[in-house]
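Structure file run-v8.cif (mmCIF, C-alpha atoms and all ligand atoms) is printed below.
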```cif
data_start
loop_
_atom_site.label_atom_id
_atom_site.label_comp_id
_atom_site.auth_asym_id
_atom_site.auth_seq_id
_atom_site.Cartn_x
_atom_site.Cartn_y
_atom_site.Cartn_z
CA MET G 18 -10.99 -27.01 -7.53
CA LYS G 19 -7.24 -27.50 -7.35
CA ILE G 20 -4.18 -25.33 -7.97
CA THR G 21 -2.34 -26.94 -10.88
CA ALA G 22 0.37 -24.40 -11.71
CA ILE G 23 1.98 -21.28 -10.23
CA ARG G 24 3.90 -18.96 -12.54
CA VAL G 25 6.00 -16.04 -11.37
CA TYR G 26 6.91 -13.06 -13.57
CA GLN G 27 9.35 -10.22 -12.92
CA ILE G 28 8.64 -6.78 -14.31
CA ASP G 29 10.52 -3.49 -14.05
CA LEU G 30 8.40 -0.43 -13.32
CA PRO G 31 10.33 2.80 -14.04
CA LEU G 32 8.95 6.04 -12.64
CA LYS G 33 7.56 8.95 -14.65
CA GLU G 34 9.31 11.37 -12.29
CA GLY G 35 12.56 9.39 -12.66
CA ARG G 36 13.08 8.88 -8.95
CA TYR G 37 11.01 8.43 -5.79
CA THR G 38 12.77 9.61 -2.65
CA TRP G 39 11.63 9.21 0.94
CA ALA G 40 13.25 9.50 4.37
CA SER G 41 16.93 9.21 5.24
CA GLY G 42 18.20 9.53 1.66
CA ASN G 43 16.45 6.38 0.39
CA TYR G 44 15.24 6.32 -3.19
CA VAL G 45 14.10 3.99 -6.00
CA GLU G 46 14.32 4.70 -9.74
CA VAL G 47 12.98 1.43 -11.18
CA PHE G 48 10.65 -0.68 -9.08
CA ASP G 49 11.21 -4.44 -9.26
CA SER G 50 7.76 -6.00 -9.15
CA THR G 51 6.70 -9.65 -9.02
CA VAL G 52 3.48 -10.84 -10.65
CA VAL G 53 2.00 -14.23 -9.77
CA GLU G 54 -0.35 -16.30 -11.92
CA ILE G 55 -2.18 -19.23 -10.37
CA GLU G 56 -3.77 -21.78 -12.68
CA THR G 57 -6.46 -24.25 -11.66
CA ASP G 58 -7.98 -27.47 -12.97
CA ALA G 59 -11.24 -25.54 -13.47
CA GLY G 60 -9.75 -23.42 -16.23
CA LEU G 61 -9.72 -20.32 -14.00
CA THR G 62 -6.59 -18.21 -13.55
CA GLY G 63 -5.88 -15.73 -10.76
CA TRP G 64 -3.38 -12.87 -10.54
CA GLY G 65 -1.45 -11.26 -7.69
CA GLU G 66 1.45 -8.82 -7.39
CA SER G 67 3.97 -7.85 -4.72
CA CYS G 68 6.37 -4.92 -5.01
CA PRO G 69 8.44 -3.85 -2.00
CA LEU G 70 9.54 -0.21 -1.72
CA GLY G 71 13.16 -1.12 -2.40
CA SER G 72 15.01 -3.08 0.27
CA ALA G 73 15.42 -0.30 2.86
CA TYR G 74 11.78 0.33 3.76
CA LEU G 75 10.32 -2.77 5.45
CA PRO G 76 11.98 -6.15 6.11
CA ALA G 77 11.16 -7.06 2.49
CA PHE G 78 12.98 -6.96 -0.85
CA ALA G 79 12.10 -7.82 -4.43
CA LYS G 80 14.34 -10.89 -4.77
CA GLY G 81 12.92 -12.05 -1.43
CA VAL G 82 9.41 -12.12 -2.92
CA ARG G 83 10.60 -14.54 -5.59
CA ALA G 84 12.70 -16.63 -3.18
CA GLY G 85 9.68 -16.91 -0.89
CA LEU G 86 7.46 -17.92 -3.79
CA ALA G 87 9.96 -20.59 -4.88
CA GLU G 88 9.78 -21.98 -1.34
CA LEU G 89 6.00 -21.80 -1.08
CA ALA G 90 4.70 -22.68 -4.53
CA PRO G 91 5.48 -26.43 -4.50
CA GLN G 92 3.60 -26.72 -1.18
CA LEU G 93 0.43 -25.19 -2.61
CA LEU G 94 -0.13 -27.40 -5.65
CA GLY G 95 -3.33 -29.41 -5.25
CA MET G 96 -4.87 -27.01 -2.70
CA ASP G 97 -8.28 -25.42 -3.25
CA PRO G 98 -7.64 -21.71 -4.00
CA ARG G 99 -11.17 -20.82 -2.85
CA ALA G 100 -10.47 -22.08 0.70
CA LEU G 101 -8.62 -18.90 1.58
CA ASP G 102 -8.35 -19.35 5.35
CA VAL G 103 -7.14 -22.95 4.94
CA LEU G 104 -4.61 -21.81 2.34
CA ASN G 105 -3.33 -18.91 4.48
CA ARG G 106 -2.95 -21.13 7.53
CA HIS G 107 -1.03 -23.63 5.44
CA MET G 108 1.29 -20.90 4.10
CA ASP G 109 1.95 -19.71 7.68
CA LEU G 110 2.74 -23.24 8.82
CA VAL G 111 5.16 -24.09 6.01
CA LEU G 112 6.94 -20.69 5.90
CA ARG G 113 7.20 -18.50 9.00
CA GLY G 114 6.88 -14.79 8.38
CA HIS G 115 7.59 -13.26 4.95
CA PRO G 116 4.10 -11.78 4.52
CA TYR G 117 5.14 -9.87 1.38
CA ALA G 118 5.93 -13.18 -0.38
CA LYS G 119 2.58 -14.72 0.64
CA ALA G 120 0.51 -11.69 -0.35
CA PRO G 121 0.47 -12.26 -4.14
CA ILE G 122 -0.64 -15.90 -3.62
CA ASP G 123 -3.48 -14.81 -1.36
CA VAL G 124 -4.55 -12.04 -3.78
CA ALA G 125 -4.46 -14.41 -6.79
CA CYS G 126 -6.70 -16.83 -4.88
CA TRP G 127 -9.21 -14.04 -4.13
CA ASP G 128 -9.19 -13.34 -7.88
CA ILE G 129 -9.99 -17.01 -8.54
CA LEU G 130 -12.73 -17.07 -5.87
CA GLY G 131 -14.30 -14.04 -7.57
CA LYS G 132 -14.16 -15.65 -10.99
CA ALA G 133 -15.53 -18.94 -9.61
CA THR G 134 -18.52 -17.18 -8.00
CA GLY G 135 -19.01 -14.55 -10.71
CA LEU G 136 -18.52 -11.76 -8.16
CA PRO G 137 -16.10 -8.84 -7.96
CA VAL G 138 -13.62 -9.10 -5.08
CA TYR G 139 -15.17 -6.04 -3.39
CA THR G 140 -18.42 -8.00 -2.99
CA LEU G 141 -16.55 -10.90 -1.40
CA LEU G 142 -14.79 -8.45 0.94
CA GLY G 143 -18.09 -7.21 2.32
CA GLY G 144 -19.78 -5.33 -0.51
CA LYS G 145 -19.48 -2.07 -2.39
CA ALA G 146 -19.46 0.39 0.52
CA GLN G 147 -18.74 3.38 -1.73
CA GLU G 148 -18.97 4.13 -5.44
CA GLU G 149 -15.36 5.29 -5.79
CA VAL G 150 -12.30 5.65 -3.59
CA THR G 151 -10.45 8.83 -2.70
CA LEU G 152 -6.77 8.86 -3.64
CA TYR G 153 -3.75 10.62 -2.21
CA ARG G 154 -0.60 11.57 -4.06
CA ALA G 155 2.80 10.88 -2.53
CA ILE G 156 5.10 13.87 -3.03
CA SER G 157 8.65 12.58 -3.43
CA GLN G 158 11.22 14.27 -1.19
CA ILE G 159 13.13 17.05 -2.96
CA GLU G 160 13.84 20.66 -2.05
CA PRO G 161 10.94 22.23 -0.09
CA GLN G 162 9.88 24.82 -2.70
CA ALA G 163 10.02 22.27 -5.52
CA MET G 164 7.81 19.89 -3.49
CA ALA G 165 5.22 22.65 -3.07
CA GLU G 166 5.29 23.18 -6.86
CA ASN G 167 4.89 19.46 -7.53
CA LEU G 168 1.99 19.33 -5.09
CA ALA G 169 0.23 22.15 -6.96
CA GLY G 170 0.72 20.25 -10.22
CA TYR G 171 -0.83 17.09 -8.80
CA ARG G 172 -3.77 19.07 -7.46
CA ASP G 173 -4.38 20.24 -11.04
CA GLU G 174 -4.65 16.51 -11.93
CA GLY G 175 -7.51 16.17 -9.42
CA TYR G 176 -5.86 14.98 -6.20
CA THR G 177 -7.01 16.60 -2.94
CA ARG G 178 -4.93 14.55 -0.50
CA PHE G 179 -1.17 14.78 -0.37
CA GLN G 180 1.46 12.82 1.51
CA LEU G 181 4.75 14.66 1.80
CA LYS G 182 7.86 12.61 2.11
CA VAL G 183 9.79 14.17 4.99
CA GLY G 184 12.21 12.46 7.40
CA ALA G 185 15.28 14.50 6.37
CA ASP G 186 16.82 17.27 8.48
CA VAL G 187 14.53 19.16 10.83
CA ASP G 188 14.82 22.64 9.30
CA SER G 189 14.15 21.53 5.73
CA ASP G 190 11.27 19.28 6.86
CA ILE G 191 9.63 22.20 8.67
CA ALA G 192 9.99 24.22 5.45
CA ARG G 193 8.49 21.34 3.43
CA ILE G 194 5.43 21.20 5.66
CA ARG G 195 4.91 24.98 5.78
CA LEU G 196 5.41 25.61 2.05
CA CYS G 197 3.13 22.73 1.07
CA ALA G 198 0.50 23.79 3.64
CA ASP G 199 0.41 27.19 1.91
CA GLN G 200 -0.83 25.37 -1.22
CA MET G 201 -3.80 23.75 0.56
CA ARG G 202 -7.37 24.71 -0.33
CA PRO G 203 -10.51 24.03 1.72
CA GLY G 204 -11.19 20.29 1.74
CA ASP G 205 -7.58 19.32 0.98
CA VAL G 206 -5.69 17.04 3.37
CA LEU G 207 -1.95 17.20 4.08
CA VAL G 208 0.08 14.39 5.65
CA ALA G 209 3.76 14.65 6.56
CA ASP G 210 5.15 11.10 6.43
CA ALA G 211 8.61 10.76 7.99
CA ASN G 212 8.77 7.01 7.22
CA THR G 213 10.71 6.37 10.47
CA GLY G 214 13.29 9.03 9.52
CA TRP G 215 13.36 11.14 12.70
CA THR G 216 14.84 10.49 16.11
CA MET G 217 12.60 11.50 19.02
CA HIS G 218 14.22 14.90 19.55
CA GLU G 219 13.95 15.70 15.84
CA ALA G 220 10.30 14.69 15.82
CA ALA G 221 9.71 16.83 18.92
CA ARG G 222 11.16 19.88 17.16
CA VAL G 223 9.11 19.37 14.00
CA VAL G 224 5.75 18.83 15.71
CA GLN G 225 6.39 21.85 17.95
CA ALA G 226 7.38 24.04 14.98
CA VAL G 227 4.30 23.15 12.89
CA ARG G 228 1.76 22.96 15.72
CA ASP G 229 -0.32 25.71 14.09
CA VAL G 230 -0.48 23.87 10.72
CA ASP G 231 -3.39 21.61 9.68
CA VAL G 232 -1.22 18.54 8.99
CA TYR G 233 -1.15 14.86 9.96
CA ILE G 234 2.13 13.41 11.25
CA GLU G 235 2.83 9.87 9.99
CA GLN G 236 5.31 7.35 11.45
CA PRO G 237 7.89 9.84 12.78
CA CYS G 238 10.34 7.32 14.28
CA PRO G 239 11.47 3.71 13.73
CA THR G 240 9.97 1.98 16.74
CA TYR G 241 6.48 1.89 18.22
CA GLU G 242 7.79 3.19 21.56
CA GLU G 243 9.49 6.20 19.96
CA CYS G 244 6.35 6.99 17.96
CA LEU G 245 4.28 6.81 21.15
CA VAL G 246 6.57 9.37 22.82
CA THR G 247 6.06 11.73 19.87
CA ARG G 248 2.32 11.06 19.83
CA ARG G 249 2.05 12.13 23.48
CA ARG G 250 3.91 15.37 22.72
CA THR G 251 1.64 16.64 19.94
CA ALA G 252 -2.00 17.52 19.41
CA LEU G 253 -1.61 17.06 15.64
CA PRO G 254 -3.50 14.08 14.16
CA PHE G 255 -1.23 11.05 14.06
CA VAL G 256 -0.84 8.08 11.70
CA LEU G 257 1.08 4.83 12.29
CA ASP G 258 2.26 2.79 9.31
CA GLU G 259 5.48 0.74 9.36
CA VAL G 260 4.97 -0.59 12.92
CA ILE G 261 1.39 -1.79 12.28
CA THR G 262 2.35 -5.14 10.80
CA ASP G 263 -0.36 -7.43 12.17
CA VAL G 264 -3.40 -7.73 14.43
CA GLY G 265 -1.25 -7.90 17.57
CA ALA G 266 0.48 -4.59 16.79
CA LEU G 267 -2.88 -3.00 16.01
CA MET G 268 -4.47 -4.21 19.27
CA ARG G 269 -1.61 -2.86 21.35
CA ALA G 270 -1.70 0.52 19.57
CA LEU G 271 -5.49 0.74 19.94
CA GLY G 272 -5.13 0.06 23.66
CA ASP G 273 -2.56 2.84 23.99
CA GLY G 274 -4.54 5.33 21.88
CA ALA G 275 -1.34 5.58 19.85
CA MET G 276 -2.83 6.97 16.60
CA ASP G 277 -5.82 8.54 14.89
CA ALA G 278 -5.43 6.49 11.70
CA ILE G 279 -3.26 3.69 10.35
CA ASN G 280 -1.75 2.93 7.00
CA LEU G 281 -2.83 -0.56 5.91
CA LYS G 282 -0.63 -2.00 3.18
CA ILE G 283 -1.78 -5.27 1.62
CA SER G 284 1.65 -6.90 1.16
CA LYS G 285 2.92 -5.63 4.54
CA VAL G 286 0.31 -7.77 6.32
CA GLY G 287 0.35 -10.76 3.93
CA GLY G 288 -2.51 -10.25 1.46
CA LEU G 289 -6.18 -9.38 1.26
CA SER G 290 -7.29 -12.01 3.82
CA LYS G 291 -5.20 -10.52 6.61
CA ALA G 292 -5.78 -6.95 5.43
CA ARG G 293 -9.52 -7.57 5.60
CA GLN G 294 -9.24 -8.78 9.20
CA ILE G 295 -7.29 -5.65 10.19
CA ARG G 296 -9.66 -3.44 8.15
CA ASP G 297 -12.69 -4.87 9.95
CA LEU G 298 -11.09 -4.44 13.39
CA CYS G 299 -10.27 -0.82 12.54
CA ILE G 300 -13.86 -0.11 11.49
CA THR G 301 -15.16 -1.65 14.73
CA ALA G 302 -12.67 0.45 16.71
CA GLY G 303 -13.55 3.64 14.80
CA LEU G 304 -10.13 4.02 13.20
CA PRO G 305 -9.76 5.30 9.61
CA MET G 306 -7.18 3.77 7.28
CA THR G 307 -5.07 4.68 4.33
CA ILE G 308 -5.60 1.49 2.30
CA GLU G 309 -2.77 0.80 -0.11
CA ASP G 310 0.42 -1.19 -0.58
CA THR G 311 4.19 -0.70 -0.44
CA TRP G 312 4.29 -0.13 -4.23
CA GLY G 313 3.19 -1.92 -7.38
CA GLY G 314 1.61 -1.76 -10.80
CA ASP G 315 -1.77 -2.64 -12.27
CA VAL G 316 -2.60 -5.73 -10.18
CA VAL G 317 -1.62 -4.05 -6.89
CA THR G 318 -3.71 -1.01 -7.87
CA ALA G 319 -6.70 -3.27 -8.60
CA SER G 320 -6.41 -5.10 -5.26
CA ILE G 321 -6.20 -1.75 -3.42
CA ALA G 322 -9.31 -0.57 -5.27
CA HIS G 323 -11.33 -3.64 -4.22
CA LEU G 324 -10.35 -3.46 -0.54
CA ALA G 325 -10.86 0.32 -0.43
CA GLN G 326 -14.18 0.21 -2.23
CA SER G 327 -15.52 -2.35 0.25
CA THR G 328 -14.60 0.01 3.12
CA PRO G 329 -17.03 2.77 4.23
CA ALA G 330 -15.92 6.21 3.03
CA GLU G 331 -15.46 7.60 6.57
CA PHE G 332 -12.93 4.86 7.31
CA GLN G 333 -11.14 4.98 3.96
CA PHE G 334 -8.92 7.97 4.71
CA SER G 335 -7.19 7.59 1.33
CA SER G 336 -5.59 5.13 -1.06
CA THR G 337 -3.21 5.47 -3.97
CA ASP G 338 -3.09 4.53 -7.64
CA PHE G 339 0.45 3.21 -8.01
CA ASN G 340 -0.11 2.38 -11.68
CA SER G 341 -0.16 6.12 -12.46
CA TYR G 342 3.34 6.71 -11.02
CA GLY G 343 5.12 4.45 -13.50
CA THR G 344 5.67 4.31 -17.25
CA VAL G 345 4.74 0.62 -17.74
CA THR G 346 1.21 -0.73 -18.08
CA PHE G 347 0.82 -4.50 -18.05
CA ALA G 348 -2.96 -4.77 -17.47
CA PRO G 349 -4.69 -2.00 -19.42
CA ASP G 350 -8.08 -2.79 -17.85
CA ALA G 351 -6.80 -1.95 -14.32
CA PRO G 352 -8.43 0.98 -12.48
CA GLN G 353 -7.44 4.43 -13.78
CA ARG G 354 -7.61 7.64 -11.79
CA GLU G 355 -10.31 10.17 -12.60
CA ASN G 356 -10.49 13.46 -10.66
CA GLY G 357 -8.40 12.13 -7.78
CA ARG G 358 -10.54 9.01 -7.45
CA MET G 359 -10.66 5.47 -8.82
CA ARG G 360 -13.09 2.59 -8.85
CA ALA G 361 -12.66 -1.17 -8.93
CA ALA G 362 -13.91 -3.11 -11.92
CA ASP G 363 -17.39 -4.64 -11.61
CA ARG G 364 -16.14 -7.76 -13.38
CA PRO G 365 -15.68 -11.08 -11.50
CA GLY G 366 -12.50 -11.32 -9.42
CA LEU G 367 -10.05 -8.42 -9.53
CA GLY G 368 -11.18 -7.64 -13.07
CA VAL G 369 -7.66 -7.29 -14.47
CA THR G 370 -6.17 -9.07 -17.48
CA PRO G 371 -2.37 -8.95 -17.46
CA ASP G 372 -0.75 -9.05 -20.89
CA ARG G 373 1.68 -11.98 -21.07
CA ASP G 374 3.52 -10.27 -23.94
CA VAL G 375 4.42 -7.41 -21.58
CA LEU G 376 5.21 -9.73 -18.65
CA GLY G 377 7.53 -11.91 -20.75
CA ASP G 378 8.49 -15.47 -19.84
CA PRO G 379 7.94 -16.62 -16.26
CA VAL G 380 11.07 -16.59 -14.08
CA LEU G 381 9.61 -19.51 -12.11
CA GLU G 382 7.01 -22.11 -13.02
CA VAL G 383 5.86 -24.79 -10.61
CA THR G 384 3.53 -27.49 -11.92
MG MG K 401 3.55 5.82 5.39
#
```
For the file at hand, write its structure as structure tokens.
Ligand code: MG
Amino acid sequence: MKITAIRVYQIDLPLKEGRYTWASGNYVEVFDSTVVEIETDAGLTGWGESCPLGSAYLPAFAKGVRAGLAELAPQLLGMDPRALDVLNRHMDLVLRGHPYAKAPIDVACWDILGKATGLPVYTLLGGKAQEEVTLYRAISQIEPQAMAENLAGYRDEGYTRFQLKVGADVDSDIARIRLCADQMRPGDVLVADANTGWTMHEAARVVQAVRDVDVYIEQPCPTYEECLVTRRRTALPFVLDEVITDVGALMRALGDGAMDAINLKISKVGGLSKARQIRDLCITAGLPMTIEDTWGGDVVTASIAHLAQSTPAEFQFSSTDFNSYGTVTFAPDAPQRENGRMRAADRPGLGVTPDRDVLGDPVLEVT
């Protein structure tokens, strides 16, 4: 089987809440997502999607996805999409870095492998380890009391896990954590994600001030070393996200005992192939994961569902259903949240059928 065409679509994903705000004053109102379609000589088509969280979150940006794809796509024509390790090695040899541009190619090839074998992607990733996956809801950063009210509203929709966007000034972040913790019920889980927004002394003040609260602290500071300092100052459970970019970073952090869980984002590490490798290492090391992506729509949500569903429940700390945050649906058969949970389709591949009428004309076509 050979790749015969790669088409790239751009789609705007506005937010139901109007704006998503995280640390240090960063926000996005309309997400710029890139959808990739890979066509083969066997009549099978695969889909992938990559959507950075704006340009100020990771070293990634939406136009960079498409520039990376324009660079890569001509070098992939004629390759067998089912030979995923061969394909990934080739991508790494012809373009250094830029995992977020490679991710949608890798995911689309997993979709094709699933369709070629008649198996859902979760089976190819190790098998259905759980019947459905537990979701968290990200609570956009606004005034502390309003965040607590939003959290209560999302609990009414069925969520039991909540990730507060903190990383602003210390006093208001302490208020955010305390007011939201007051909303928790038995079985609920609260994470305060600073998204690199604190300096070490700010992080020290926050973890000291909320030491009596049942809350996880996620990625307090920009660098690994700063996070490790904060980790050693607090007994609160600790999550690393932005600095866990590859196997090397994970191995170092495991050796240092630097966290109790990681956040594994599919496009951050370069696709499902690399995410699977990290996922399997984490399971072997006894480390739970939030399995998700930087952002996205229906195809990203489907790929999250397959990776999460093939992960044992005790290691799948949470995931998220990005397609419920936005106002645009482009693959109506993508997973939909039910009672704070979702499940991947049992159809071959990712089980999603993007609507070309919604996607519009491709912005890039390589044949
Ligand atoms: Mg995070």
Using only C-alpha atoms, which protein or nucleic acid residues come within 9 Å of region 300-303 of chain G? Drop anything in the same chain fewer than 2 positions from it, and give the result as number ranges by chain. G: 271, 295-298, 305-306, 328-329, 332
Shell around Val25 (chain G) at 12 Å using all atoms listed in the file, local window under 3 positions removed, as an mmCIF file with C-alpha atoms, in the frame of the given file:
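Output saved as selection14.cif:
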```cif
data_model
loop_
_atom_site.group_PDB
_atom_site.id
_atom_site.type_symbol
_atom_site.label_atom_id
_atom_site.label_comp_id
_atom_site.auth_asym_id
_atom_site.auth_seq_id
_atom_site.Cartn_x
_atom_site.Cartn_y
_atom_site.Cartn_z
ATOM 1 C CA ALA G 22 0.370 -24.400 -11.710
ATOM 2 C CA ILE G 28 8.640 -6.780 -14.310
ATOM 3 C CA SER G 50 7.760 -6.000 -9.150
ATOM 4 C CA THR G 51 6.700 -9.650 -9.020
ATOM 5 C CA VAL G 52 3.480 -10.840 -10.650
ATOM 6 C CA VAL G 53 2.000 -14.230 -9.770
ATOM 7 C CA GLU G 54 -0.350 -16.300 -11.920
ATOM 8 C CA ILE G 55 -2.180 -19.230 -10.370
ATOM 9 C CA GLU G 56 -3.770 -21.780 -12.680
ATOM 10 C CA GLY G 63 -5.880 -15.730 -10.760
ATOM 11 C CA TRP G 64 -3.380 -12.870 -10.540
ATOM 12 C CA GLY G 65 -1.450 -11.260 -7.690
ATOM 13 C CA GLU G 66 1.450 -8.820 -7.390
ATOM 14 C CA SER G 67 3.970 -7.850 -4.720
ATOM 15 C CA LYS G 80 14.340 -10.890 -4.770
ATOM 16 C CA VAL G 82 9.410 -12.120 -2.920
ATOM 17 C CA ARG G 83 10.600 -14.540 -5.590
ATOM 18 C CA ALA G 84 12.700 -16.630 -3.180
ATOM 19 C CA GLY G 85 9.680 -16.910 -0.890
ATOM 20 C CA LEU G 86 7.460 -17.920 -3.790
ATOM 21 C CA ALA G 87 9.960 -20.590 -4.880
ATOM 22 C CA LEU G 89 6.000 -21.800 -1.080
ATOM 23 C CA ALA G 90 4.700 -22.680 -4.530
ATOM 24 C CA ALA G 118 5.930 -13.180 -0.380
ATOM 25 C CA PRO G 121 0.470 -12.260 -4.140
ATOM 26 C CA ILE G 122 -0.640 -15.900 -3.620
ATOM 27 C CA ALA G 125 -4.460 -14.410 -6.790
ATOM 28 C CA ARG G 373 1.680 -11.980 -21.070
ATOM 29 C CA LEU G 376 5.210 -9.730 -18.650
ATOM 30 C CA GLY G 377 7.530 -11.910 -20.750
ATOM 31 C CA ASP G 378 8.490 -15.470 -19.840
ATOM 32 C CA PRO G 379 7.940 -16.620 -16.260
ATOM 33 C CA VAL G 380 11.070 -16.590 -14.080
ATOM 34 C CA LEU G 381 9.610 -19.510 -12.110
ATOM 35 C CA GLU G 382 7.010 -22.110 -13.020
ATOM 36 C CA VAL G 383 5.860 -24.790 -10.610
ATOM 37 C CA THR G 384 3.530 -27.490 -11.920
#
```
When the cut-off is 7 Å and you count only C-alpha atoms and all ligand atoms, which residues lie near ligand MG 401 (chain K), shown as a ChimeraX atom specification? /G:210,212,235-236,258-259,280
Quick one: residues within 12 Å of (4.5, -1.4, 18.1) (file frame), counting all atoms listed in the file, please, as a ChimeraX atom specification. /G:236,238-246,257-276
Give me the residues within 12 Å of Cys68 (chain G) as a PyMOL selection string, counting all atoms listed in the file and dropping any in the same chain fewer than 4 places off. chain G and resi 26-30+45+47-53+72+74-75+77-83+116-121+282-285+309-318+339-340
Measuring atom to atom with only C-alpha atoms, identify which of G:Gln158, G:Leu112, G:Val150, G:Val227 is nearest to Pro352 (chain G).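 Closest to Pro352 (chain G), using only C-alpha atoms: G:Val150.
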Write out as JSON lines a residue-level contact list of region 279-339 of chain G versus region 127-138 of chain G with cut-off 10 Å: for each qualifying residue the closest pair of atoms and the distance in Å to one decimal, counting all atoms listed in the file, rows sorted by chain and residue number upward.
```
{"residue": "G:Gly288", "atom": "CA", "partner": "G:Trp127", "partner_atom": "CA", "distance": 9.5}
{"residue": "G:Leu289", "atom": "CA", "partner": "G:Trp127", "partner_atom": "CA", "distance": 7.7}
{"residue": "G:Ser290", "atom": "CA", "partner": "G:Trp127", "partner_atom": "CA", "distance": 8.4}
{"residue": "G:Ala319", "atom": "CA", "partner": "G:Val138", "partner_atom": "CA", "distance": 9.7}
{"residue": "G:Ser320", "atom": "CA", "partner": "G:Val138", "partner_atom": "CA", "distance": 8.2}
{"residue": "G:Ala322", "atom": "CA", "partner": "G:Val138", "partner_atom": "CA", "distance": 9.6}
{"residue": "G:His323", "atom": "CA", "partner": "G:Val138", "partner_atom": "CA", "distance": 6.0}
{"residue": "G:Leu324", "atom": "CA", "partner": "G:Val138", "partner_atom": "CA", "distance": 7.9}
{"residue": "G:Gln326", "atom": "CA", "partner": "G:Val138", "partner_atom": "CA", "distance": 9.8}
{"residue": "G:Ser327", "atom": "CA", "partner": "G:Val138", "partner_atom": "CA", "distance": 8.8}
```
Restricting the calculation to only C-alpha atoms: of G:Thr38, G:Ile191, G:Arg360, G:Leu181, which residue gets closest to Leu70 (chain G)?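 Among G:Thr38, G:Ile191, G:Arg360, G:Leu181, it is G:Thr38 that comes nearest to Leu70 (chain G).
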